[in-house]
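Engineer: Sending over start.csv (CSV, C-alpha atoms).
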```
chain,number,residue,atom,x,y,z
E,1,MET,CA,0.0,0.0,0.0
E,2,GLU,CA,1.0,3.6,-0.4
E,3,THR,CA,2.8,5.5,2.3
E,4,VAL,CA,0.6,8.6,1.8
E,5,PHE,CA,-3.0,7.8,2.7
E,6,PRO,CA,-5.0,7.7,-0.6
E,7,PHE,CA,-7.6,10.3,-1.2
E,8,LEU,CA,-10.6,9.1,-3.2
E,9,GLU,CA,-13.4,11.2,-4.8
E,10,THR,CA,-16.8,10.5,-6.3
E,11,GLU,CA,-19.5,12.8,-7.6
E,12,ARG,CA,-20.8,13.8,-4.1
E,13,LEU,CA,-18.1,12.4,-1.8
E,14,ILE,CA,-14.6,12.7,-0.6
E,15,LEU,CA,-13.1,9.6,1.0
E,16,ARG,CA,-10.2,10.5,3.2
E,17,GLU,CA,-8.2,9.5,6.3
E,18,ALA,CA,-10.3,10.0,9.5
E,19,THR,CA,-8.4,12.0,12.1
E,20,GLU,CA,-8.8,12.9,15.7
E,21,GLU,CA,-10.5,16.1,14.6
E,22,ASP,CA,-13.3,14.0,13.1
E,23,ALA,CA,-14.1,12.2,16.4
E,24,LYS,CA,-17.1,14.4,17.4
E,25,ASP,CA,-18.7,14.0,13.9
E,26,MET,CA,-18.0,10.2,14.0
E,27,PHE,CA,-19.5,9.9,17.5
E,28,VAL,CA,-22.9,10.9,16.0
E,29,TYR,CA,-23.2,7.6,14.1
E,30,LEU,CA,-20.9,5.4,16.2
E,31,SER,CA,-23.1,6.1,19.2
E,32,ASP,CA,-26.3,5.2,17.3
E,33,HIS,CA,-27.5,1.7,18.2
E,34,LEU,CA,-29.2,1.3,14.9
E,35,VAL,CA,-26.0,2.1,12.9
E,36,VAL,CA,-23.8,-0.3,14.9
E,37,LYS,CA,-26.4,-3.0,15.4
E,38,HIS,CA,-25.0,-5.3,12.7
E,39,MET,CA,-21.3,-4.3,13.1
E,40,GLY,CA,-20.3,-6.6,15.9
E,41,ILE,CA,-19.4,-3.6,18.2
E,42,SER,CA,-21.2,-1.8,21.0
E,43,ALA,CA,-22.4,1.7,20.4
E,44,CYS,CA,-19.7,4.2,21.6
E,45,GLU,CA,-20.5,6.0,24.8
E,46,SER,CA,-17.8,8.7,24.6
E,47,VAL,CA,-15.7,10.5,22.1
E,48,GLU,CA,-12.7,8.7,23.6
E,49,GLU,CA,-14.1,5.4,22.3
E,50,VAL,CA,-14.3,7.0,18.9
E,51,LEU,CA,-10.7,8.0,19.2
E,52,ASP,CA,-9.9,4.3,19.8
E,53,GLU,CA,-11.7,3.4,16.6
E,54,ILE,CA,-9.7,6.0,14.7
E,55,GLU,CA,-6.5,4.5,16.2
E,56,TRP,CA,-7.6,1.1,14.9
E,57,TYR,CA,-8.1,2.6,11.4
E,58,LYS,CA,-4.5,3.9,11.7
E,59,SER,CA,-3.1,0.6,12.9
E,60,ILE,CA,-4.6,-1.5,10.1
E,61,TYR,CA,-3.2,0.9,7.5
E,62,LYS,CA,0.2,0.9,9.2
E,63,ASN,CA,0.2,-2.9,9.4
E,64,ARG,CA,-1.0,-3.2,5.9
E,65,THR,CA,-4.0,-5.4,6.9
E,66,GLY,CA,-6.6,-2.9,5.8
E,67,ILE,CA,-7.5,0.7,5.1
E,68,ARG,CA,-10.6,2.6,6.2
E,69,TRP,CA,-11.7,5.9,4.7
E,70,GLY,CA,-13.9,8.5,6.3
E,71,ILE,CA,-16.9,9.2,4.1
E,72,THR,CA,-17.4,13.0,3.8
E,73,LEU,CA,-19.9,15.0,1.7
E,74,LYS,CA,-18.1,17.4,-0.6
E,75,ASP,CA,-20.3,20.3,0.5
E,76,SER,CA,-19.7,19.9,4.3
E,77,GLY,CA,-16.4,18.0,4.8
E,78,LYS,CA,-18.0,16.3,7.8
E,79,VAL,CA,-17.3,12.6,8.3
E,80,ILE,CA,-20.7,10.8,8.0
E,81,GLY,CA,-19.5,7.2,7.8
E,82,SER,CA,-16.6,5.0,6.9
E,83,CYS,CA,-15.8,2.4,4.3
E,84,GLY,CA,-12.8,0.2,3.6
E,85,PHE,CA,-10.9,-3.0,3.8
E,86,LEU,CA,-10.0,-5.2,6.8
E,87,ASN,CA,-8.3,-8.6,7.2
E,88,ARG,CA,-6.4,-8.1,4.0
E,89,ASN,CA,-4.5,-11.1,2.8
E,90,PRO,CA,-2.0,-10.0,0.1
E,91,ARG,CA,-0.7,-13.5,-0.4
E,92,HIS,CA,-4.1,-14.7,-1.5
E,93,PHE,CA,-5.1,-11.3,-3.1
E,94,ARG,CA,-8.2,-11.0,-1.0
E,95,SER,CA,-9.8,-8.7,1.7
E,96,GLU,CA,-13.0,-8.1,3.5
E,97,VAL,CA,-14.9,-4.8,3.0
E,98,GLY,CA,-16.9,-3.0,5.6
E,99,TYR,CA,-18.9,0.2,5.9
E,100,GLU,CA,-21.3,2.2,8.0
E,101,LEU,CA,-23.2,5.4,7.5
E,102,SER,CA,-24.9,7.9,9.7
E,103,ARG,CA,-28.6,7.2,9.8
E,104,GLU,CA,-29.6,10.6,8.5
E,105,HIS,CA,-27.9,9.7,5.2
E,106,TRP,CA,-29.5,6.3,4.7
E,107,GLY,CA,-31.5,5.7,1.5
E,108,LYS,CA,-29.6,8.4,-0.5
E,109,GLY,CA,-27.2,6.2,-2.4
E,110,ILE,CA,-24.2,7.4,-0.5
E,111,ALA,CA,-23.1,4.0,0.8
E,112,ASN,CA,-23.5,2.6,-2.7
E,113,GLU,CA,-21.4,5.5,-4.2
E,114,ALA,CA,-18.6,5.1,-1.5
E,115,LEU,CA,-18.5,1.3,-1.8
E,116,GLU,CA,-18.3,1.4,-5.6
E,117,ARG,CA,-15.2,3.7,-5.4
E,118,VAL,CA,-13.6,1.6,-2.7
E,119,LEU,CA,-14.1,-1.6,-4.7
E,120,LYS,CA,-12.5,0.0,-7.7
E,121,PHE,CA,-9.5,1.0,-5.5
E,122,GLY,CA,-9.2,-2.5,-4.2
E,123,PHE,CA,-9.2,-4.2,-7.6
E,124,GLU,CA,-7.0,-1.6,-9.3
E,125,GLN,CA,-4.5,-0.3,-6.6
E,126,LEU,CA,-4.4,-3.1,-4.1
E,127,GLU,CA,-4.6,-5.7,-6.9
E,128,LEU,CA,-7.2,-7.8,-5.1
E,129,GLU,CA,-8.7,-10.7,-6.9
E,130,ARG,CA,-11.5,-11.3,-4.3
E,131,ILE,CA,-13.4,-9.0,-2.0
E,132,GLU,CA,-15.6,-10.4,0.7
E,133,ALA,CA,-18.4,-9.0,2.8
E,134,LEU,CA,-19.6,-10.8,5.9
E,135,ILE,CA,-23.2,-9.7,6.7
E,136,GLU,CA,-25.7,-10.7,9.4
E,137,PRO,CA,-28.8,-12.4,8.0
E,138,LYS,CA,-31.1,-9.7,9.5
E,139,ASN,CA,-29.2,-6.9,7.8
E,140,LEU,CA,-31.2,-6.8,4.6
E,141,SER,CA,-30.2,-3.3,3.5
E,142,SER,CA,-26.5,-4.3,3.6
E,143,GLN,CA,-27.3,-7.4,1.6
E,144,LYS,CA,-29.1,-5.4,-1.0
E,145,LEU,CA,-26.2,-2.9,-1.2
E,146,VAL,CA,-23.6,-5.5,-2.0
E,147,GLU,CA,-25.9,-7.4,-4.4
E,148,ARG,CA,-26.3,-4.1,-6.3
E,149,GLN,CA,-22.5,-3.9,-6.6
E,150,GLY,CA,-22.4,-7.5,-8.1
E,151,PHE,CA,-21.5,-9.5,-5.0
E,152,THR,CA,-22.7,-13.2,-4.9
E,153,ARG,CA,-24.0,-14.8,-1.7
E,154,GLU,CA,-21.8,-17.9,-1.2
E,155,GLY,CA,-23.4,-19.3,2.0
E,156,LEU,CA,-24.1,-19.0,5.7
E,157,LEU,CA,-21.2,-19.2,8.2
E,158,ARG,CA,-22.9,-20.5,11.3
E,159,HIS,CA,-21.7,-19.0,14.6
E,160,TYR,CA,-18.8,-17.4,12.7
E,161,GLU,CA,-18.2,-14.6,15.2
E,162,TYR,CA,-18.7,-14.0,18.9
E,163,THR,CA,-19.5,-10.4,19.5
E,164,ASN,CA,-21.4,-8.6,22.2
E,165,GLY,CA,-22.0,-11.7,24.2
E,166,LYS,CA,-23.5,-13.8,21.4
E,167,PHE,CA,-22.6,-16.0,18.5
E,168,ASP,CA,-23.4,-14.5,15.1
E,169,ASP,CA,-24.3,-16.3,11.9
E,170,LEU,CA,-22.9,-14.4,8.9
E,171,TYR,CA,-23.6,-14.6,5.2
E,172,MET,CA,-20.4,-14.8,3.1
E,173,TYR,CA,-20.7,-12.6,0.0
E,174,SER,CA,-17.9,-12.1,-2.5
E,175,ILE,CA,-17.1,-10.3,-5.7
E,176,LEU,CA,-14.2,-11.2,-8.0
E,177,LYS,CA,-12.2,-8.9,-10.2
E,178,GLY,CA,-13.5,-10.7,-13.2
E,179,ASP,CA,-17.2,-10.1,-12.1
E,180,LEU,CA,-17.0,-6.4,-13.0
```
Write out the structure in this file as structure tokens.
Structural biologist:
Amino acid sequence: METVFPFLETERLILREATEEDAKDMFVYLSDHLVVKHMGISACESVEEVLDEIEWYKSIYKNRTGIRWGITLKDSGKVIGSCGFLNRNPRHFRSEVGYELSREHWGKGIANEALERVLKFGFEQLELERIEALIEPKNLSSQKLVERQGFTREGLLRHYEYTNGKFDDLYMYSILKGDL
């Protein structure tokens, strides 16, 4: 990966590195139980917890295991969500993708626009062959989002993760470079 954090742009969005200065904006959605419900994390209760999340973003980039962009609207510059890669495995040319978006921006095509740009970056710059999305069965909107992007549901991973005191089943979705 590049040493300078990549800056991505779409028609309405700027995807950039999230910084400590963004913590208050990020707290808005990371403290929302409906936003984090399917993410395998608890809602943040303080800005300090958001700073820990930003540190995690920095660590996965530094360790080359992922990259997470802050999603900002061009007209405001405010971080309203994030999108990016985690659990990157360069040896096998694959990575997982994840995302979340502030509830006030749901249903406007913003997550779709951000995800499309991030997938393009993954296939072109990171030279990924396969991108995976692990999605809880009850998260229908996320399933629809990845299906619109061309992902295929491969199957159900039973009790795949243990988060927030429970075992979670997850659908495995994937898209291959050749699917585009």
Engineer: How many Å separate CA of Met26 (chain E) from CA of Asp168 (chain E)?
Structural biologist: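 CA of Met26 (chain E) sits 25.3 Å away from CA of Asp168 (chain E).
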Engineer: Excluding region 73-79 of chain E and residues on its chain fewer than 2 positions from it, collect all residues at most 12 Å away from it, counting all atoms listed in the file, and give them as number ranges by chain.
Structural biologist: E: 8-30, 54, 69-71, 81-83, 100-102, 105, 108, 110-111, 113-114
Engineer: Could you give me, as CSV, every region 80-129 of chain E residue with an atom at most 12 Å from region 136-142 of chain E, plus its closest atom pair and distance in Å to one decimal, counting all atoms listed in the file, rows ordered by chain then number?
Structural biologist:
```
residue,atom,partner,partner_atom,distance
E:Val97,CA,E:Ser142,CA,11.6
E:Gly98,CA,E:Ser142,CA,9.9
E:Tyr99,CA,E:Ser142,CA,9.1
E:Glu100,CA,E:Ser142,CA,9.4
E:Leu101,CA,E:Ser142,CA,11.0
E:Trp106,CA,E:Ser141,CA,9.7
E:Gly107,CA,E:Ser141,CA,9.3
E:Gly109,CA,E:Ser141,CA,11.6
E:Ala111,CA,E:Ser142,CA,9.4
E:Asn112,CA,E:Ser142,CA,9.8
E:Leu115,CA,E:Ser142,CA,11.2
```
Engineer: Have a look at CA of Lys37 (chain E) and CA of Ser59 (chain E) and let me know their distance in Å, one decimal.
Structural biologist: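 Distance between the two atoms: 23.7 Å.
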Engineer: Find, counting all atoms listed in the file, the residue in E:Val35, E:Arg117, E:Phe85, E:Ser174 that gets nearest to Tyr57 (chain E).
Structural biologist: E:Phe85
Engineer: Looking at E:Asn87, E:Ser46, E:Gln125, E:Thr3, which one is nearest to Thr65 (chain E), with distances taken over only C-alpha atoms?
Structural biologist: E:Asn87
Engineer: Between E:Glu129, E:Ile135, E:Phe167, E:Phe7, which one has atoms that come closest to Thr72 (chain E), using only C-alpha atoms?
Structural biologist: E:Phe7
Engineer: Quick one: of E:Leu128, E:Val4, E:Leu34, E:Val118, who's nearest to Gly178 (chain E), counting only C-alpha atoms?
Structural biologist: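 Of E:Leu128, E:Val4, E:Leu34, E:Val118, the one nearest Gly178 (chain E) is E:Leu128, counting only C-alpha atoms.
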Engineer: Hey, can you check how far CA of His92 (chain E) sits from CA of Met172 (chain E)?
Structural biologist: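 Atom-to-atom, CA of His92 (chain E) to CA of Met172 (chain E), that is 16.9 Å.
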Engineer: Would you fill out region 122-133 of chain E with N, CA, C and O atoms and return it as a compact mmCIF listing (two decimals), keeping the file's coordinate frame?
Structural biologist:
```txt
# COMPACT_ATOMS: atom_id res chain seq x y z
N GLY E 122 -9.69 -1.19 -4.58
CA GLY E 122 -9.20 -2.50 -4.20
C GLY E 122 -8.75 -3.36 -5.35
O GLY E 122 -7.68 -3.98 -5.29
N PHE E 123 -9.53 -3.36 -6.40
CA PHE E 123 -9.20 -4.20 -7.60
C PHE E 123 -8.00 -3.56 -8.35
O PHE E 123 -7.12 -4.28 -8.82
N GLU E 124 -7.98 -2.23 -8.46
CA GLU E 124 -7.00 -1.60 -9.30
C GLU E 124 -5.65 -1.31 -8.52
O GLU E 124 -4.58 -1.65 -8.98
N GLN E 125 -5.74 -0.67 -7.36
CA GLN E 125 -4.50 -0.30 -6.60
C GLN E 125 -3.99 -1.36 -5.72
O GLN E 125 -2.78 -1.52 -5.58
N LEU E 126 -4.87 -2.09 -5.05
CA LEU E 126 -4.40 -3.10 -4.10
C LEU E 126 -4.26 -4.48 -4.85
O LEU E 126 -3.81 -5.45 -4.25
N GLU E 127 -4.67 -4.52 -6.11
CA GLU E 127 -4.60 -5.70 -6.90
C GLU E 127 -5.26 -6.92 -6.31
O GLU E 127 -4.78 -8.06 -6.40
N LEU E 128 -6.40 -6.67 -5.69
CA LEU E 128 -7.20 -7.80 -5.10
C LEU E 128 -7.86 -8.55 -6.23
O LEU E 128 -8.23 -7.99 -7.27
N GLU E 129 -8.01 -9.82 -6.00
CA GLU E 129 -8.70 -10.70 -6.90
C GLU E 129 -10.14 -10.97 -6.36
O GLU E 129 -11.09 -11.16 -7.11
N ARG E 130 -10.26 -10.95 -5.01
CA ARG E 130 -11.50 -11.30 -4.30
C ARG E 130 -11.75 -10.31 -3.20
O ARG E 130 -10.83 -10.06 -2.41
N ILE E 131 -12.97 -9.81 -3.11
CA ILE E 131 -13.40 -9.00 -2.00
C ILE E 131 -14.60 -9.61 -1.36
O ILE E 131 -15.56 -9.97 -2.06
N GLU E 132 -14.53 -9.77 -0.04
CA GLU E 132 -15.60 -10.40 0.70
C GLU E 132 -16.35 -9.44 1.57
O GLU E 132 -15.79 -8.45 2.03
N ALA E 133 -17.63 -9.75 1.80
CA ALA E 133 -18.40 -9.00 2.80
C ALA E 133 -19.15 -10.02 3.64
O ALA E 133 -19.80 -10.94 3.13
```
